[in-house]
Amino acid sequence: MAELNFSLVIFTLLIGLCTGTFLIYGLGRLRNNSAPAAAEKSSLLLMVVLLICLGVALLASATHLGKPFRFMNAFHNPGSMIAQEGLWSMVLGVTLLIAVLMAFKGKIIPKGLYLVGSLVSCGLLLVCSMVYVKAVGFPAWSSGVTIIYYFGSAILLGAAVVFLFSMLHGEEVTEKNLAFTALTAVFLQMIVSVAFFVHLKFGVMDVTLPTTLGMDILRWGIGLIAPAVIACLAWSGKLKGKSAAWSFLACVLVGEAISRVIFFMQGIHL
């Protein structure tokens with residue numbers, strides 16, 4: 001039986017935010033041939049924020065072991081999943097640090113670095129999700145839907161952060177396009193959430209899982225339906241710029257935090 005560990009909630013939430021944001025932002029930079037001054041300014045700030053979030057995530061991962069220094073012992077076995085998480089996180093950290101240094105010196109971050117960071121982000125997400133898929137004795141997690149859940153969550157978090165940063169720095173991306181991307185990410189996570197529910201309902205037959213109905217309703221209301229409404233209003237022009245972006249990000253963060261609490265509670269079975 002698993003235990004609800006809030007260090008892992010923080011770790012998975014921040015890893016999802018870092019990887020998803022780098023993916024969404026990096027793909028946007030790969031599509032754009034020009035990089036206006038506003039974009040470079042937001043790139044520096046965004047990479048700094050992601051680097052800090054990644055550092056906090058790694059600290060949270062270390063503390064969940066009880067004694068943080070045990071985290072270093074994991075690297076004695078590079079094939080272990082916790083070592084893989086650490087290694088992929090460090091590679092992403094180095095990528096972010098290079099991006100920060102380049103942007104700080106006034107240089108344009110090359111598309112190649114965004115491409116590398118995006119690939120590393122995908123690798124880190126895959127490793128983090130496989131930790132739970134491969135976990136022995138946790139039928140609620142032992143499905144490919146867990147991998148899709150992690151990617152869907154990361155994309156939603158990334159879309160929310162990029163929406164806000166683009167609005168704050170006045171980048172040359174229309175608000176309607178940003179709102180559409182955010183809305184698409186919400187609908188994607190809705191589909192993934194339904195798929196995960198179907199897995200729990202029909203794929204986990206031999207154990208009794210905790211009832212999380214109240215938290216599920218709260219998560220759907222705050223983390224999925226509310227962001228969808230906000231994105232629709234922003235898309236139609238009825239809710240403007242920064243207000244829409246801040247509201248969307250706040251709802252998504254709360255919703256995805258609740259989602260992770262539910263996820264770990266579902267690992268606690270009778």
# chains A, B, ... in the order shown; residues from 1 in each chain; ligands from 1
$ residues_around --residues "Gly112 (chain A)" --least-positions-apart "5" --cutoff "10 Å" --atoms "only C-alpha atoms" --output "compact mmCIF listing (two decimals) with C-alpha atoms, in the first residue's frame"
# COMPACT_ATOMS: atom_id res chain seq x y z
CA GLY A 26 10.14 25.74 -27.49
CA LEU A 30 10.92 26.70 -33.52
CA GLY A 117 15.34 20.96 -24.46
CA SER A 118 12.04 19.79 -25.92
$ closest_residue --among "A:Ser236, A:Lys105, A:Leu183, A:Ser259" --to "Leu218 (chain A)" --atoms "only C-alpha atoms"
A:Ser259
$ residues_around --residues "Asp216 (chain A)" --least-positions-apart "3" --cutoff "9 Å" --atoms "only C-alpha atoms" --output "PyMOL selection string"
chain A and resi 212-213+219-221+258-259+262
$ write_last_selection --atoms "N, CA and C atoms" --output "PDB file, in the first residue's frame"
ATOM      1  N   THR A 212     -12.721   8.958  -4.111  1.00  0.00           N
ATOM      2  CA  THR A 212     -12.204  10.328  -4.259  1.00  0.00           C
ATOM      3  C   THR A 212     -13.211  11.206  -4.997  1.00  0.00           C
ATOM      4  N   LEU A 213     -14.514  10.866  -4.877  1.00  0.00           N
ATOM      5  CA  LEU A 213     -15.541  11.560  -5.652  1.00  0.00           C
ATOM      6  C   LEU A 213     -15.547  13.059  -5.387  1.00  0.00           C
ATOM      7  N   ARG A 219     -11.707  18.897  -8.593  1.00  0.00           N
ATOM      8  CA  ARG A 219     -10.672  18.979  -9.623  1.00  0.00           C
ATOM      9  C   ARG A 219     -11.282  19.324 -10.981  1.00  0.00           C
ATOM     10  N   TRP A 220     -12.385  18.666 -11.329  1.00  0.00           N
ATOM     11  CA  TRP A 220     -13.026  18.944 -12.616  1.00  0.00           C
ATOM     12  C   TRP A 220     -13.565  20.373 -12.667  1.00  0.00           C
ATOM     13  N   GLY A 221     -14.159  20.814 -11.561  1.00  0.00           N
ATOM     14  CA  GLY A 221     -14.733  22.161 -11.544  1.00  0.00           C
ATOM     15  C   GLY A 221     -13.686  23.253 -11.644  1.00  0.00           C
ATOM     16  N   ILE A 258      -4.585  19.126  -7.201  1.00  0.00           N
ATOM     17  CA  ILE A 258      -5.616  18.205  -6.704  1.00  0.00           C
ATOM     18  C   ILE A 258      -5.557  16.882  -7.462  1.00  0.00           C
ATOM     19  N   SER A 259      -5.337  16.972  -8.766  1.00  0.00           N
ATOM     20  CA  SER A 259      -5.249  15.771  -9.600  1.00  0.00           C
ATOM     21  C   SER A 259      -4.148  14.838  -9.118  1.00  0.00           C
ATOM     22  N   ILE A 262      -5.165  13.072  -5.919  1.00  0.00           N
ATOM     23  CA  ILE A 262      -6.056  11.964  -6.277  1.00  0.00           C
ATOM     24  C   ILE A 262      -5.249  10.790  -6.827  1.00  0.00           C
TER      25      ILE A 262
END
$ select_by_dssp --residues "region 42-174 of chain A" --states "helix (DSSP H, G or I)" --output "JSON, numbers by chain"
{"A": [42, 43, 44, 45, 46, 47, 48, 49, 50, 51, 52, 53, 54, 55, 56, 57, 58, 59, 60, 61, 62, 63, 70, 71, 72, 73, 74, 75, 76, 81, 82, 83, 84, 85, 86, 87, 88, 89, 90, 91, 92, 93, 94, 95, 96, 97, 98, 99, 100, 101, 102, 103, 104, 111, 112, 113, 114, 115, 116, 117, 118, 119, 120, 121, 122, 123, 124, 125, 126, 127, 128, 129, 130, 131, 132, 133, 144, 145, 146, 147, 148, 149, 150, 151, 152, 153, 154, 155, 156, 157, 158, 159, 160, 161, 162, 163, 164, 165, 166, 167, 168]}
$ closest_residue --among "A:Leu124, A:Val198, A:Cys232, A:Val204" --to "Ala179 (chain A)" --atoms "only C-alpha atoms"
A:Cys232
$ atom_distance --atom1 "CA of Leu14 (chain A)" --atom2 "CA of Gly28 (chain A)"
20.9 Å
$ residues_around --residues "region 44-61 of chain A" --least-positions-apart "3" --cutoff "10 Å" --atoms "only C-alpha atoms" --output "ChimeraX atom specification"
/A:6-19,21-22,25,39-41,64-66,68,71,82,85-86,89-90,92-106,108-109,161-162,165
$ write_last_selection --atoms "N, CA and C atoms" --output "CSV table (one decimal), in the first residue's frame"
chain,number,residue,atom,x,y,z
A,6,PHE,N,3.3,14.3,0.0
A,6,PHE,CA,3.2,15.6,-0.6
A,6,PHE,C,4.4,16.1,-1.3
A,7,SER,N,5.6,15.5,-0.9
A,7,SER,CA,6.8,15.9,-1.6
A,7,SER,C,6.7,15.4,-3.1
A,8,LEU,N,6.1,14.2,-3.3
A,8,LEU,CA,5.9,13.7,-4.6
A,8,LEU,C,4.9,14.5,-5.4
A,9,VAL,N,3.9,15.1,-4.7
A,9,VAL,CA,2.9,15.9,-5.4
A,9,VAL,C,3.6,17.2,-5.9
A,10,ILE,N,4.5,17.8,-5.1
A,10,ILE,CA,5.2,19.0,-5.5
A,10,ILE,C,6.2,18.6,-6.6
A,11,PHE,N,6.9,17.5,-6.5
A,11,PHE,CA,7.9,17.1,-7.5
A,11,PHE,C,7.2,16.9,-8.9
A,12,THR,N,6.1,16.1,-8.9
A,12,THR,CA,5.5,15.8,-10.2
A,12,THR,C,4.8,17.0,-10.8
A,13,LEU,N,4.3,17.9,-9.9
A,13,LEU,CA,3.6,19.1,-10.4
A,13,LEU,C,4.7,20.0,-11.1
A,14,LEU,N,5.8,20.3,-10.4
A,14,LEU,CA,6.8,21.2,-10.9
A,14,LEU,C,7.5,20.6,-12.1
A,15,ILE,N,7.7,19.3,-12.1
A,15,ILE,CA,8.3,18.7,-13.3
A,15,ILE,C,7.4,18.8,-14.5
A,16,GLY,N,6.1,18.6,-14.3
A,16,GLY,CA,5.2,18.8,-15.3
A,16,GLY,C,5.1,20.2,-15.9
A,17,LEU,N,5.2,21.2,-14.9
A,17,LEU,CA,5.2,22.6,-15.3
A,17,LEU,C,6.5,22.9,-16.1
A,18,CYS,N,7.6,22.5,-15.7
A,18,CYS,CA,8.9,22.8,-16.4
A,18,CYS,C,8.9,22.1,-17.8
A,19,THR,N,8.6,20.9,-17.8
A,19,THR,CA,8.7,20.2,-19.1
A,19,THR,C,7.7,20.6,-20.1
A,21,THR,N,6.1,23.5,-20.1
A,21,THR,CA,6.3,24.9,-20.6
A,21,THR,C,7.4,24.9,-21.6
A,22,PHE,N,8.5,24.2,-21.4
A,22,PHE,CA,9.6,24.2,-22.3
A,22,PHE,C,9.1,23.6,-23.7
A,25,TYR,N,6.6,26.4,-25.3
A,25,TYR,CA,7.4,27.6,-25.6
A,25,TYR,C,8.4,27.3,-26.7
A,39,ALA,N,10.2,39.1,-27.0
A,39,ALA,CA,10.3,37.6,-26.9
A,39,ALA,C,11.6,37.2,-26.2
A,40,GLU,N,12.7,37.9,-26.5
A,40,GLU,CA,14.0,37.6,-25.8
A,40,GLU,C,13.9,37.9,-24.4
A,41,LYS,N,13.2,39.0,-24.0
A,41,LYS,CA,13.1,39.4,-22.6
A,41,LYS,C,12.3,38.3,-21.9
A,64,HIS,N,11.5,13.3,-0.2
A,64,HIS,CA,10.5,12.2,0.0
A,64,HIS,C,11.1,10.9,0.4
A,65,LEU,N,12.5,10.8,0.3
A,65,LEU,CA,13.2,9.6,0.7
A,65,LEU,C,13.4,9.5,2.2
A,66,GLY,N,13.0,10.6,2.9
A,66,GLY,CA,13.2,10.7,4.3
A,66,GLY,C,14.5,11.4,4.7
A,68,PRO,N,17.5,13.3,2.7
A,68,PRO,CA,17.8,13.8,1.4
A,68,PRO,C,19.0,13.2,0.7
A,71,PHE,N,19.3,10.4,-1.9
A,71,PHE,CA,19.1,10.7,-3.3
A,71,PHE,C,20.4,10.5,-4.1
A,82,ILE,N,14.8,6.2,-10.0
A,82,ILE,CA,15.1,7.5,-9.4
A,82,ILE,C,16.3,8.1,-9.9
A,85,GLU,N,15.4,9.6,-13.2
A,85,GLU,CA,14.8,10.9,-13.0
A,85,GLU,C,15.8,12.0,-12.8
A,86,GLY,N,16.7,11.7,-11.9
A,86,GLY,CA,17.8,12.6,-11.5
A,86,GLY,C,18.6,13.0,-12.7
A,89,SER,N,16.7,15.1,-15.2
A,89,SER,CA,16.4,16.4,-14.7
A,89,SER,C,17.7,17.3,-14.8
A,90,MET,N,18.8,16.7,-14.5
A,90,MET,CA,20.1,17.4,-14.6
A,90,MET,C,20.4,17.9,-16.0
A,92,LEU,N,18.1,18.5,-18.3
A,92,LEU,CA,17.2,19.6,-18.5
A,92,LEU,C,17.7,20.9,-17.8
A,93,GLY,N,18.3,20.7,-16.6
A,93,GLY,CA,18.8,21.8,-15.8
A,93,GLY,C,20.0,22.5,-16.5
A,94,VAL,N,20.8,21.7,-17.1
A,94,VAL,CA,22.0,22.2,-17.9
A,94,VAL,C,21.5,23.0,-19.1
A,95,THR,N,20.5,22.4,-19.8
A,95,THR,CA,19.9,23.1,-20.9
A,95,THR,C,19.3,24.4,-20.6
A,96,LEU,N,18.6,24.5,-19.5
A,96,LEU,CA,18.0,25.7,-19.0
A,96,LEU,C,19.1,26.7,-18.6
A,97,LEU,N,20.1,26.3,-17.9
A,97,LEU,CA,21.2,27.2,-17.5
A,97,LEU,C,21.9,27.8,-18.7
A,98,ILE,N,22.1,27.0,-19.8
A,98,ILE,CA,22.8,27.5,-21.0
A,98,ILE,C,21.9,28.6,-21.6
A,99,ALA,N,20.6,28.3,-21.6
A,99,ALA,CA,19.6,29.3,-22.2
A,99,ALA,C,19.6,30.6,-21.4
A,100,VAL,N,19.6,30.4,-20.1
A,100,VAL,CA,19.7,31.6,-19.2
A,100,VAL,C,20.9,32.5,-19.5
A,101,LEU,N,22.1,31.8,-19.5
A,101,LEU,CA,23.3,32.5,-19.7
A,101,LEU,C,23.3,33.2,-21.1
A,102,MET,N,22.8,32.6,-22.1
A,102,MET,CA,22.8,33.2,-23.5
A,102,MET,C,21.9,34.4,-23.5
A,103,ALA,N,20.7,34.2,-22.9
A,103,ALA,CA,19.7,35.3,-22.9
A,103,ALA,C,20.2,36.5,-22.1
A,104,PHE,N,20.9,36.2,-21.0
A,104,PHE,CA,21.4,37.2,-20.1
A,104,PHE,C,22.5,38.0,-20.8
A,105,LYS,N,23.2,37.4,-21.7
A,105,LYS,CA,24.3,38.1,-22.4
A,105,LYS,C,23.8,38.8,-23.7
A,106,GLY,N,22.4,38.7,-23.8
A,106,GLY,CA,21.8,39.4,-25.0
A,106,GLY,C,21.8,38.6,-26.3
A,108,ILE,N,20.6,35.6,-28.8
A,108,ILE,CA,19.4,34.9,-29.2
A,108,ILE,C,19.5,33.4,-28.9
A,109,ILE,N,18.6,32.8,-28.2
A,109,ILE,CA,18.7,31.4,-27.9
A,109,ILE,C,18.5,30.6,-29.2
A,161,VAL,N,1.2,28.5,-18.5
A,161,VAL,CA,2.4,29.4,-18.3
A,161,VAL,C,2.7,30.2,-19.5
A,162,VAL,N,2.8,29.6,-20.7
A,162,VAL,CA,3.1,30.4,-21.9
A,162,VAL,C,2.0,31.4,-22.2
A,165,PHE,N,2.9,34.4,-19.8
A,165,PHE,CA,4.2,35.1,-20.1
A,165,PHE,C,4.0,35.9,-21.4
$ residues_around --residues "Leu178 (chain A)" --least-positions-apart "3" --cutoff "6 Å" --atoms "only C-alpha atoms" --output "PyMOL selection string"
chain A and resi 163+175+181
$ write_last_selection --atoms "N, CA and C atoms" --output "JSON list (two decimals), in the first residue's frame"
[["chain", "number", "residue", "atom", "x", "y", "z"],
["A", 163, "PHE", "N", 0.78, 31.13, -21.93],
["A", 163, "PHE", "CA", -0.31, 32.09, -22.09],
["A", 163, "PHE", "C", -0.03, 33.34, -21.25],
["A", 175, "GLU", "N", -3.85, 37.01, -28.96],
["A", 175, "GLU", "CA", -4.50, 36.46, -27.78],
["A", 175, "GLU", "C", -5.44, 35.32, -28.15],
["A", 181, "THR", "N", -4.96, 27.60, -28.02],
["A", 181, "THR", "CA", -3.99, 26.59, -27.56],
["A", 181, "THR", "C", -4.33, 26.13, -26.15]]
